Amino acid sequence: MLVKSYGIKDPEFESKEAITEYLIKKDMDTANVMVFKDFTSYVTAIKRGMKIPNAMFFNSAGNFVNYQKTPEDCNAKVSGFIDDIKAIDSLAEDVSFNVFKMTDFLVKPNGDKIEIEKGYDAYVLINWALYAGKLNEEKAFDWVNLLKQNEKDFKVKYYLLNCDFQDMWGLTDEQKKEIGFTVKG
């Protein structure tokens, strides 16, 4: 019942147009949207623990900083971390996970190469998906609004990382069946 009221649905393969249309309806900026380049990149992120919705924080050097104090912490802690984001450079960083190196497996929704702009105090990738329904608004898009409140005195560059399966991956019907999708027609 809760799933239905939140508009959560089974994942589908989505197009650049569907992603853009959805963001426009939700009054979200479509300039800094990225997707996974291919299915292999998506699987790599899943194996690394990607959750939807969620946020990944990177300091001014582009190194990952975990907002979770314990493994049990959920994305409910993201808003509090955003409130204290100015302290990001003083926190423990993971130099093996750098936002500037992610451009090998992330692209714009049209397939063009993405470039992460340097010179910011922090970087945030906000994971979201069309199938997540209202969770996008109550979590991911709310985090965008919180980040915008800090813009005047702390330069944060955020990107909306769409985590839907992508039409542009060009998977065949057989490949879609292999990963559990029902192919119509």
# chains A, B, ... in the order shown; residues from 1 in each chain; ligands from 1
call {"tool": "closest_atom_pairs", "arguments": {"of": "region 102-141 of chain A", "to": "region 162-170 of chain A", "cutoff": "10 Å", "atoms": "only C-alpha atoms", "output": "tab-separated table"}}
result
residue	atom	partner	partner_atom	distance
A:Lys108	CA	A:Asn162	CA	9.8
A:Pro109	CA	A:Met168	CA	8.3
A:Asn110	CA	A:Met168	CA	7.8
A:Gly111	CA	A:Met168	CA	7.4
A:Leu125	CA	A:Asn162	CA	9.7
A:Ile126	CA	A:Asn162	CA	8.2
A:Asn127	CA	A:Asn162	CA	6.0
A:Trp128	CA	A:Asn162	CA	5.2
A:Ala129	CA	A:Cys163	CA	5.1
A:Leu130	CA	A:Asp164	CA	6.7
A:Tyr131	CA	A:Asp164	CA	7.5
A:Ala132	CA	A:Asp164	CA	9.4
call {"tool": "write_last_selection", "arguments": {"atoms": "C-alpha atoms", "output": "PDB file, in the first residue's frame"}}
result
ATOM      1  CA  LYS A 108      24.927  12.971 -20.164  1.00  0.00           C
ATOM      2  CA  PRO A 109      21.498  11.469 -20.938  1.00  0.00           C
ATOM      3  CA  ASN A 110      22.164  11.979 -24.654  1.00  0.00           C
ATOM      4  CA  GLY A 111      25.369   9.919 -24.399  1.00  0.00           C
ATOM      5  CA  LEU A 125      26.053  13.246  -6.793  1.00  0.00           C
ATOM      6  CA  ILE A 126      22.390  12.800  -5.977  1.00  0.00           C
ATOM      7  CA  ASN A 127      21.107   9.371  -6.994  1.00  0.00           C
ATOM      8  CA  TRP A 128      17.499   9.213  -8.128  1.00  0.00           C
ATOM      9  CA  ALA A 129      15.308   7.188 -10.500  1.00  0.00           C
ATOM     10  CA  LEU A 130      11.955   7.639 -12.198  1.00  0.00           C
ATOM     11  CA  TYR A 131      10.722   4.401 -10.645  1.00  0.00           C
ATOM     12  CA  ALA A 132      11.331   5.808  -7.123  1.00  0.00           C
TER      13      ALA A 132
END
call {"tool": "closest_atom_pairs", "arguments": {"of": "region 128-179 of chain A", "to": "region 44-66 of chain A", "cutoff": "12 Å", "atoms": "only C-alpha atoms", "output": "JSON lines"}}
result
{"residue": "A:Trp128", "atom": "CA", "partner": "A:Pro53", "partner_atom": "CA", "distance": 4.8}
{"residue": "A:Ala129", "atom": "CA", "partner": "A:Ile52", "partner_atom": "CA", "distance": 7.0}
{"residue": "A:Leu130", "atom": "CA", "partner": "A:Ile52", "partner_atom": "CA", "distance": 10.2}
{"residue": "A:Tyr131", "atom": "CA", "partner": "A:Ile52", "partner_atom": "CA", "distance": 9.8}
{"residue": "A:Ala132", "atom": "CA", "partner": "A:Ile52", "partner_atom": "CA", "distance": 7.5}
{"residue": "A:Gly133", "atom": "CA", "partner": "A:Pro53", "partner_atom": "CA", "distance": 10.2}
{"residue": "A:Lys134", "atom": "CA", "partner": "A:Pro53", "partner_atom": "CA", "distance": 10.4}
{"residue": "A:Leu135", "atom": "CA", "partner": "A:Pro53", "partner_atom": "CA", "distance": 7.0}
{"residue": "A:Asn136", "atom": "CA", "partner": "A:Pro53", "partner_atom": "CA", "distance": 6.6}
{"residue": "A:Glu137", "atom": "CA", "partner": "A:Pro53", "partner_atom": "CA", "distance": 9.8}
{"residue": "A:Glu138", "atom": "CA", "partner": "A:Pro53", "partner_atom": "CA", "distance": 9.6}
{"residue": "A:Lys139", "atom": "CA", "partner": "A:Pro53", "partner_atom": "CA", "distance": 6.8}
{"residue": "A:Ala140", "atom": "CA", "partner": "A:Pro53", "partner_atom": "CA", "distance": 6.0}
{"residue": "A:Phe141", "atom": "CA", "partner": "A:Pro53", "partner_atom": "CA", "distance": 9.6}
{"residue": "A:Asp142", "atom": "CA", "partner": "A:Pro53", "partner_atom": "CA", "distance": 11.1}
{"residue": "A:Trp143", "atom": "CA", "partner": "A:Ala55", "partner_atom": "CA", "distance": 8.4}
{"residue": "A:Val144", "atom": "CA", "partner": "A:Ala55", "partner_atom": "CA", "distance": 10.0}
{"residue": "A:Leu147", "atom": "CA", "partner": "A:Ala55", "partner_atom": "CA", "distance": 11.5}
{"residue": "A:Phe154", "atom": "CA", "partner": "A:Ser60", "partner_atom": "CA", "distance": 10.9}
{"residue": "A:Lys155", "atom": "CA", "partner": "A:Ser60", "partner_atom": "CA", "distance": 9.5}
{"residue": "A:Val156", "atom": "CA", "partner": "A:Ser60", "partner_atom": "CA", "distance": 9.0}
{"residue": "A:Lys157", "atom": "CA", "partner": "A:Phe58", "partner_atom": "CA", "distance": 9.8}
{"residue": "A:Tyr158", "atom": "CA", "partner": "A:Phe57", "partner_atom": "CA", "distance": 9.2}
{"residue": "A:Tyr159", "atom": "CA", "partner": "A:Ala55", "partner_atom": "CA", "distance": 9.8}
{"residue": "A:Leu160", "atom": "CA", "partner": "A:Ala55", "partner_atom": "CA", "distance": 9.3}
{"residue": "A:Leu161", "atom": "CA", "partner": "A:Ala55", "partner_atom": "CA", "distance": 9.2}
{"residue": "A:Asn162", "atom": "CA", "partner": "A:Ile52", "partner_atom": "CA", "distance": 9.3}
{"residue": "A:Cys163", "atom": "CA", "partner": "A:Ile52", "partner_atom": "CA", "distance": 7.5}
{"residue": "A:Asp164", "atom": "CA", "partner": "A:Ile52", "partner_atom": "CA", "distance": 9.8}
call {"tool": "write_last_selection", "arguments": {"atoms": "N, CA, C and O atoms", "output": "mmCIF file, in the first residue's frame"}}
result
data_model
loop_
_atom_site.group_PDB
_atom_site.id
_atom_site.type_symbol
_atom_site.label_atom_id
_atom_site.label_comp_id
_atom_site.auth_asym_id
_atom_site.auth_seq_id
_atom_site.Cartn_x
_atom_site.Cartn_y
_atom_site.Cartn_z
ATOM 1 N N TRP A 128 18.961 9.236 -8.059
ATOM 2 C CA TRP A 128 17.499 9.213 -8.128
ATOM 3 C C TRP A 128 17.095 8.355 -9.319
ATOM 4 O O TRP A 128 17.920 8.029 -10.175
ATOM 5 N N ALA A 129 15.818 7.985 -9.385
ATOM 6 C CA ALA A 129 15.308 7.188 -10.500
ATOM 7 C C ALA A 129 13.824 7.473 -10.683
ATOM 8 O O ALA A 129 13.113 7.723 -9.704
ATOM 9 N N LEU A 130 13.380 7.418 -11.922
ATOM 10 C CA LEU A 130 11.955 7.639 -12.198
ATOM 11 C C LEU A 130 11.087 6.652 -11.426
ATOM 12 O O LEU A 130 10.043 7.018 -10.908
ATOM 13 N N TYR A 131 11.535 5.413 -11.321
ATOM 14 C CA TYR A 131 10.722 4.401 -10.645
ATOM 15 C C TYR A 131 10.595 4.639 -9.142
ATOM 16 O O TYR A 131 9.769 4.019 -8.480
ATOM 17 N N ALA A 132 11.383 5.544 -8.568
ATOM 18 C CA ALA A 132 11.331 5.808 -7.123
ATOM 19 C C ALA A 132 10.158 6.705 -6.723
ATOM 20 O O ALA A 132 9.904 6.897 -5.535
ATOM 21 N N GLY A 133 9.447 7.253 -7.695
ATOM 22 C CA GLY A 133 8.244 8.024 -7.410
ATOM 23 C C GLY A 133 8.476 9.206 -6.484
ATOM 24 O O GLY A 133 9.432 9.962 -6.642
ATOM 25 N N LYS A 134 7.605 9.350 -5.479
ATOM 26 C CA LYS A 134 7.663 10.494 -4.560
ATOM 27 C C LYS A 134 8.932 10.538 -3.706
ATOM 28 O O LYS A 134 9.252 11.579 -3.142
ATOM 29 N N LEU A 135 9.633 9.420 -3.605
ATOM 30 C CA LEU A 135 10.888 9.433 -2.847
ATOM 31 C C LEU A 135 11.876 10.432 -3.454
ATOM 32 O O LEU A 135 12.686 11.011 -2.741
ATOM 33 N N ASN A 136 11.789 10.631 -4.762
ATOM 34 C CA ASN A 136 12.644 11.632 -5.405
ATOM 35 C C ASN A 136 12.381 13.012 -4.815
ATOM 36 O O ASN A 136 13.296 13.749 -4.492
ATOM 37 N N GLU A 137 11.102 13.350 -4.687
ATOM 38 C CA GLU A 137 10.734 14.673 -4.176
ATOM 39 C C GLU A 137 11.057 14.814 -2.695
ATOM 40 O O GLU A 137 11.558 15.850 -2.269
ATOM 41 N N GLU A 138 10.755 13.783 -1.921
ATOM 42 C CA GLU A 138 10.939 13.865 -0.473
ATOM 43 C C GLU A 138 12.385 13.704 -0.043
ATOM 44 O O GLU A 138 12.726 14.058 1.079
ATOM 45 N N LYS A 139 13.200 13.177 -0.899
ATOM 46 C CA LYS A 139 14.611 12.971 -0.567
ATOM 47 C C LYS A 139 15.495 13.745 -1.552
ATOM 48 O O LYS A 139 15.968 14.824 -1.249
ATOM 49 N N ALA A 140 15.709 13.180 -2.732
ATOM 50 C CA ALA A 140 16.681 13.709 -3.691
ATOM 51 C C ALA A 140 16.452 15.180 -4.035
ATOM 52 O O ALA A 140 17.374 15.991 -3.967
ATOM 53 N N PHE A 141 15.249 15.533 -4.388
ATOM 54 C CA PHE A 141 15.002 16.912 -4.817
ATOM 55 C C PHE A 141 14.987 17.880 -3.635
ATOM 56 O O PHE A 141 15.327 19.051 -3.784
ATOM 57 N N ASP A 142 14.632 17.384 -2.467
ATOM 58 C CA ASP A 142 14.730 18.192 -1.255
ATOM 59 C C ASP A 142 16.198 18.490 -0.946
ATOM 60 O O ASP A 142 16.546 19.597 -0.542
ATOM 61 N N TRP A 143 17.077 17.505 -1.163
ATOM 62 C CA TRP A 143 18.511 17.723 -0.941
ATOM 63 C C TRP A 143 19.058 18.783 -1.889
ATOM 64 O O TRP A 143 19.891 19.590 -1.501
ATOM 65 N N VAL A 144 18.560 18.779 -3.130
ATOM 66 C CA VAL A 144 18.979 19.822 -4.091
ATOM 67 C C VAL A 144 18.633 21.197 -3.528
ATOM 68 O O VAL A 144 19.458 22.112 -3.538
ATOM 69 N N LEU A 147 20.990 22.170 -0.765
ATOM 70 C CA LEU A 147 22.293 22.566 -1.306
ATOM 71 C C LEU A 147 22.252 23.983 -1.877
ATOM 72 O O LEU A 147 23.193 24.755 -1.706
ATOM 73 N N PHE A 154 29.304 29.052 0.035
ATOM 74 C CA PHE A 154 30.038 27.793 -0.076
ATOM 75 C C PHE A 154 29.704 27.204 -1.438
ATOM 76 O O PHE A 154 28.548 26.932 -1.733
ATOM 77 N N LYS A 155 30.703 27.040 -2.267
ATOM 78 C CA LYS A 155 30.470 26.614 -3.645
ATOM 79 C C LYS A 155 30.357 25.093 -3.744
ATOM 80 O O LYS A 155 31.347 24.393 -3.620
ATOM 81 N N VAL A 156 29.124 24.625 -3.957
ATOM 82 C CA VAL A 156 28.858 23.199 -4.112
ATOM 83 C C VAL A 156 28.360 22.954 -5.529
ATOM 84 O O VAL A 156 27.443 23.627 -5.999
ATOM 85 N N LYS A 157 28.957 21.988 -6.180
ATOM 86 C CA LYS A 157 28.498 21.572 -7.504
ATOM 87 C C LYS A 157 27.777 20.248 -7.323
ATOM 88 O O LYS A 157 28.346 19.278 -6.835
ATOM 89 N N TYR A 158 26.502 20.227 -7.689
ATOM 90 C CA TYR A 158 25.756 18.980 -7.569
ATOM 91 C C TYR A 158 25.352 18.496 -8.958
ATOM 92 O O TYR A 158 25.195 19.276 -9.898
ATOM 93 N N TYR A 159 25.244 17.188 -9.056
ATOM 94 C CA TYR A 159 24.791 16.532 -10.276
ATOM 95 C C TYR A 159 23.679 15.570 -9.910
ATOM 96 O O TYR A 159 23.748 14.909 -8.868
ATOM 97 N N LEU A 160 22.672 15.502 -10.742
ATOM 98 C CA LEU A 160 21.591 14.542 -10.553
ATOM 99 C C LEU A 160 21.941 13.286 -11.334
ATOM 100 O O LEU A 160 21.943 13.295 -12.570
ATOM 101 N N LEU A 161 22.265 12.219 -10.628
ATOM 102 C CA LEU A 161 22.646 10.958 -11.256
ATOM 103 C C LEU A 161 21.415 10.070 -11.376
ATOM 104 O O LEU A 161 20.969 9.472 -10.400
ATOM 105 N N ASN A 162 20.872 10.010 -12.591
ATOM 106 C CA ASN A 162 19.705 9.165 -12.829
ATOM 107 C C ASN A 162 20.154 7.709 -12.863
ATOM 108 O O ASN A 162 21.073 7.348 -13.591
ATOM 109 N N CYS A 163 19.488 6.883 -12.072
ATOM 110 C CA CYS A 163 19.890 5.486 -11.914
ATOM 111 C C CYS A 163 18.896 4.515 -12.556
ATOM 112 O O CYS A 163 18.843 3.335 -12.194
ATOM 113 N N ASP A 164 18.120 5.001 -13.506
ATOM 114 C CA ASP A 164 17.236 4.114 -14.254
ATOM 115 C C ASP A 164 18.046 3.338 -15.284
ATOM 116 O O ASP A 164 19.127 3.765 -15.693
#
call {"tool": "select_by_dssp", "arguments": {"residues": "region 14-184 of chain A", "states": "helix (DSSP H, G or I)", "output": "PyMOL selection string"}}
result
chain A and resi 16-25+39-47+75-83+85-90+99-104+130-132+134-149+167-169+173-178
call {"tool": "residues_around", "arguments": {"residues": "Met102 (chain A)", "least_positions_apart": "4", "cutoff": "10 Å", "atoms": "only C-alpha atoms", "output": "list of chain:residue names"}}
result
A:Phe36, A:Ser41, A:Phe97, A:Asn98, A:Leu106, A:Val107, A:Ile114, A:Glu115, A:Ile116
call {"tool": "write_last_selection", "arguments": {"atoms": "all heavy atoms", "output": "compact mmCIF listing (two decimals), in the first residue's frame"}}
result
# COMPACT_ATOMS: atom_id res chain seq x y z
N PHE A 36 24.40 6.39 -16.24
CA PHE A 36 25.48 5.43 -16.44
C PHE A 36 25.67 5.19 -17.93
O PHE A 36 24.69 5.06 -18.68
CB PHE A 36 25.19 4.12 -15.70
CG PHE A 36 25.28 4.29 -14.22
CD1 PHE A 36 24.15 4.53 -13.45
CD2 PHE A 36 26.52 4.25 -13.59
CE1 PHE A 36 24.24 4.72 -12.08
CE2 PHE A 36 26.62 4.45 -12.22
CZ PHE A 36 25.49 4.68 -11.47
N SER A 41 28.67 -0.38 -16.35
CA SER A 41 28.93 0.70 -15.40
C SER A 41 27.88 0.71 -14.29
O SER A 41 28.20 0.91 -13.11
CB SER A 41 28.94 2.05 -16.12
OG SER A 41 29.95 2.09 -17.08
N PHE A 97 38.33 6.78 -4.39
CA PHE A 97 37.02 7.03 -5.01
C PHE A 97 36.92 8.53 -5.26
O PHE A 97 36.60 9.29 -4.36
CB PHE A 97 35.92 6.51 -4.10
CG PHE A 97 34.52 6.55 -4.67
CD1 PHE A 97 34.30 6.53 -6.04
CD2 PHE A 97 33.44 6.60 -3.83
CE1 PHE A 97 33.00 6.56 -6.55
CE2 PHE A 97 32.14 6.64 -4.31
CZ PHE A 97 31.92 6.61 -5.68
N ASN A 98 37.22 8.94 -6.48
CA ASN A 98 37.32 10.36 -6.82
C ASN A 98 36.31 10.72 -7.89
O ASN A 98 36.20 10.03 -8.91
CB ASN A 98 38.74 10.68 -7.29
CG ASN A 98 38.96 12.16 -7.49
OD1 ASN A 98 38.50 12.73 -8.46
ND2 ASN A 98 39.66 12.77 -6.54
N LEU A 106 30.20 7.58 -16.54
CA LEU A 106 29.00 8.42 -16.50
C LEU A 106 28.98 9.32 -17.73
O LEU A 106 30.03 9.79 -18.18
CB LEU A 106 29.00 9.29 -15.23
CG LEU A 106 28.97 8.55 -13.90
CD1 LEU A 106 29.10 9.53 -12.74
CD2 LEU A 106 27.71 7.72 -13.75
N VAL A 107 27.79 9.56 -18.26
CA VAL A 107 27.61 10.42 -19.43
C VAL A 107 26.35 11.26 -19.24
O VAL A 107 25.56 11.02 -18.33
CB VAL A 107 27.50 9.59 -20.74
CG1 VAL A 107 28.79 8.85 -21.05
CG2 VAL A 107 26.33 8.63 -20.69
N ILE A 114 30.66 13.56 -20.04
CA ILE A 114 30.42 14.51 -18.95
C ILE A 114 31.75 15.05 -18.46
O ILE A 114 32.74 14.33 -18.46
CB ILE A 114 29.64 13.83 -17.80
CG1 ILE A 114 28.96 14.87 -16.91
CG2 ILE A 114 30.49 12.99 -16.92
CD1 ILE A 114 27.56 15.10 -17.25
N GLU A 115 31.78 16.30 -18.09
CA GLU A 115 32.98 16.87 -17.50
C GLU A 115 32.61 17.47 -16.16
O GLU A 115 31.69 18.27 -16.06
CB GLU A 115 33.57 17.94 -18.42
CG GLU A 115 34.16 17.34 -19.68
CD GLU A 115 35.06 18.30 -20.42
OE1 GLU A 115 35.74 19.11 -19.75
OE2 GLU A 115 35.07 18.21 -21.65
N ILE A 116 33.32 17.05 -15.13
CA ILE A 116 33.11 17.58 -13.79
C ILE A 116 33.94 18.85 -13.68
O ILE A 116 35.15 18.81 -13.84
CB ILE A 116 33.53 16.56 -12.70
CG1 ILE A 116 32.88 15.19 -12.92
CG2 ILE A 116 33.27 17.11 -11.31
CD1 ILE A 116 31.41 15.12 -12.66
call {"tool": "atom_distance", "arguments": {"atom1": "CA of Ala122 (chain A)", "atom2": "CA of Ile82 (chain A)"}}
result
10.4 Å
call {"tool": "select_by_dssp", "arguments": {"residues": "region 15-94 of chain A", "states": "strand (DSSP E)", "output": "PyMOL selection string"}}
result
chain A and resi 33-36+54-58+63-65+94
call {"tool": "write_last_selection", "arguments": {"atoms": "N, CA, C and O atoms", "output": "PDB file, in the first residue's frame"}}
result
ATOM      1  N   VAL A  33      22.564  16.736 -15.323  1.00  0.00           N
ATOM      2  CA  VAL A  33      22.043  15.386 -15.175  1.00  0.00           C
ATOM      3  C   VAL A  33      23.026  14.422 -15.822  1.00  0.00           C
ATOM      4  O   VAL A  33      23.589  14.708 -16.882  1.00  0.00           O
ATOM      5  N   MET A  34      23.235  13.300 -15.174  1.00  0.00           N
ATOM      6  CA  MET A  34      24.094  12.269 -15.746  1.00  0.00           C
ATOM      7  C   MET A  34      23.449  10.910 -15.550  1.00  0.00           C
ATOM      8  O   MET A  34      22.570  10.745 -14.703  1.00  0.00           O
ATOM      9  N   VAL A  35      23.885   9.963 -16.374  1.00  0.00           N
ATOM     10  CA  VAL A  35      23.399   8.589 -16.325  1.00  0.00           C
ATOM     11  C   VAL A  35      24.612   7.660 -16.460  1.00  0.00           C
ATOM     12  O   VAL A  35      25.707   8.109 -16.811  1.00  0.00           O
ATOM     13  N   PHE A  36      24.398   6.393 -16.236  1.00  0.00           N
ATOM     14  CA  PHE A  36      25.479   5.432 -16.442  1.00  0.00           C
ATOM     15  C   PHE A  36      25.668   5.192 -17.932  1.00  0.00           C
ATOM     16  O   PHE A  36      24.692   5.065 -18.678  1.00  0.00           O
ATOM     17  N   ASN A  54      19.838   8.495  -2.849  1.00  0.00           N
ATOM     18  CA  ASN A  54      20.959   8.671  -1.943  1.00  0.00           C
ATOM     19  C   ASN A  54      21.826   9.811  -2.467  1.00  0.00           C
ATOM     20  O   ASN A  54      21.567  10.336  -3.550  1.00  0.00           O
ATOM     21  N   ALA A  55      22.828  10.171  -1.704  1.00  0.00           N
ATOM     22  CA  ALA A  55      23.756  11.216  -2.123  1.00  0.00           C
ATOM     23  C   ALA A  55      25.170  10.761  -1.817  1.00  0.00           C
ATOM     24  O   ALA A  55      25.419  10.110  -0.801  1.00  0.00           O
ATOM     25  N   MET A  56      26.066  11.097  -2.721  1.00  0.00           N
ATOM     26  CA  MET A  56      27.488  10.815  -2.525  1.00  0.00           C
ATOM     27  C   MET A  56      28.203  12.158  -2.477  1.00  0.00           C
ATOM     28  O   MET A  56      28.020  12.999  -3.369  1.00  0.00           O
ATOM     29  N   PHE A  57      29.006  12.343  -1.440  1.00  0.00           N
ATOM     30  CA  PHE A  57      29.688  13.610  -1.212  1.00  0.00           C
ATOM     31  C   PHE A  57      31.176  13.480  -1.509  1.00  0.00           C
ATOM     32  O   PHE A  57      31.804  12.487  -1.147  1.00  0.00           O
ATOM     33  N   PHE A  58      31.724  14.531  -2.114  1.00  0.00           N
ATOM     34  CA  PHE A  58      33.141  14.575  -2.459  1.00  0.00           C
ATOM     35  C   PHE A  58      33.685  15.935  -2.027  1.00  0.00           C
ATOM     36  O   PHE A  58      33.039  16.963  -2.222  1.00  0.00           O
ATOM     37  N   ASN A  63      37.619  13.857  -3.620  1.00  0.00           N
ATOM     38  CA  ASN A  63      37.655  12.571  -2.926  1.00  0.00           C
ATOM     39  C   ASN A  63      36.374  12.332  -2.119  1.00  0.00           C
ATOM     40  O   ASN A  63      35.841  13.254  -1.499  1.00  0.00           O
ATOM     41  N   PHE A  64      35.920  11.093  -2.131  1.00  0.00           N
ATOM     42  CA  PHE A  64      34.689  10.700  -1.462  1.00  0.00           C
ATOM     43  C   PHE A  64      34.785  10.908   0.043  1.00  0.00           C
ATOM     44  O   PHE A  64      35.793  10.595   0.673  1.00  0.00           O
ATOM     45  N   VAL A  65      33.703  11.442   0.608  1.00  0.00           N
ATOM     46  CA  VAL A  65      33.552  11.604   2.053  1.00  0.00           C
ATOM     47  C   VAL A  65      32.207  10.983   2.412  1.00  0.00           C
ATOM     48  O   VAL A  65      31.166  11.385   1.881  1.00  0.00           O
ATOM     49  N   ASP A  94      38.196   9.219   1.112  1.00  0.00           N
ATOM     50  CA  ASP A  94      38.609   7.994   0.427  1.00  0.00           C
ATOM     51  C   ASP A  94      39.225   8.421  -0.908  1.00  0.00           C
ATOM     52  O   ASP A  94      38.508   8.724  -1.856  1.00  0.00           O
TER      53      ASP A  94
END
